[in-house]
Amino acid sequence: MANPGYGKRSVPGQHPRTPQDFALLPVRERYVAGFVDHLPDGAAMSVKQLAKQLPLYGQQAISSALTALSVAGHLRRVRCPVSAGDETRWVSRTFWSRTARDNEWWTTYLTAQAAGAEAEATTPPPWVPDEESPPPPEDPGPEQDPEATAVPQQRTPPQAPNAEPEPPTPDTPPAAPLQVPEAGPSPAYLALARLGRNDHRLTLSADDCATLESQAAEWLARGVSVDHLTSALTAGLPTEIGYPAGLIRRRLTDKMPPQLPAENTTPDTPTPARRVLMECTDCGRPGPPEALPDGLCRPCRTTHSTKPDEAPGHPTEGDEAADIKTHMTNLRDLLKTV
């Protein structure tokens, strides 16, 4: 079995298995196709792993057989994006169909797979609540009256249109005025007031703190922390300070930090949509499904169309094996004479 997310994927809508499956293919391709068809989903589909399981053929023969099966419409190799939290990784998968499919069917199917991968990446996980949809109303139950639990509306006793409010009786104390809590001093004011605690030479009066509060607040509005503000005002002080408020005003003006632009949270260019990339079955070059008919790129497709038949049992293969055997015999004879 391959790692999770990789390996074989069976496409839907296949015909049931019959003894005549892959009967029109050559012997080697029929042998490899029968083995792959019985593998479960998620099985490793690399050439090296298949060669370990099929002792009759080596890696080169398995690679040629997979290329022929891709041309016959039985498989396509693709790269799919898989989201894992904030990271996205690309996995290699082999889609398999016992029923031979044409290029139009594969293009439509892989395009639908790309749309499904995009929807999976943009859909929030099930544990994230939907903020826009209101919660469903609770069922009051068969024995509970829904009107009994409703909040009754407050009613005001009727009054005449020109009726004047009744004066308070002597026994009724007058209503106390509404007290609004006073706001505390701002962080800028507190930072200026605490300068004298850090260094007694920078002790400021209440009027001085109120006068310099707007300049100190401008520092904090530009993203400076209170500690940074205090360090900038107390660093490198002279030995004697005759007028602390004038020194602080000068430092607040001269050391004013720059105004940084607001961070752009939205990207300038839209993020490209994720797509399922098909791989060339022969060389592994990625590309869109419509650019790889028969599952092959243009160079590999040209090479495959001009390559002679290499199926086992063809007379050309026997002739080549005989030529190699004769050549090795001649080399051994030459070594004996030396």
# chains A, B, ... in the order shown; residues from 1 in each chain; ligands from 1

$ residues_around --residues "Leu192 in chain A" --least-positions-apart "3" --cutoff "8 Å" --atoms "only C-alpha atoms" --output "ChimeraX atom specification"
/A:188-189,195,204,209,212-213,216

$ residues_around --residues "Asp227 in chain A" --least-positions-apart "3" --cutoff "12 Å" --atoms "only C-alpha atoms" --output "list in words"
Pro187, Ala188, Leu190, Ala191, Leu192, Arg194, Leu195, Asn198, Trp219, Leu220, Gly223, Val224, Thr230, Ser231, Ala232, Leu233, Thr234 and Ala235 of chain A

$ closest_residue --among "A:Val36, A:Leu292, A:Val27, A:Leu260" --to "His74 in chain A" --atoms "only C-alpha atoms"
A:Val36

$ residues_around --residues "Glu279 in chain A" --least-positions-apart "2" --cutoff "12 Å" --atoms "only C-alpha atoms" --output "ChimeraX atom specification"
/A:67,70,75-80,91-95,110,276-277,281-297,300
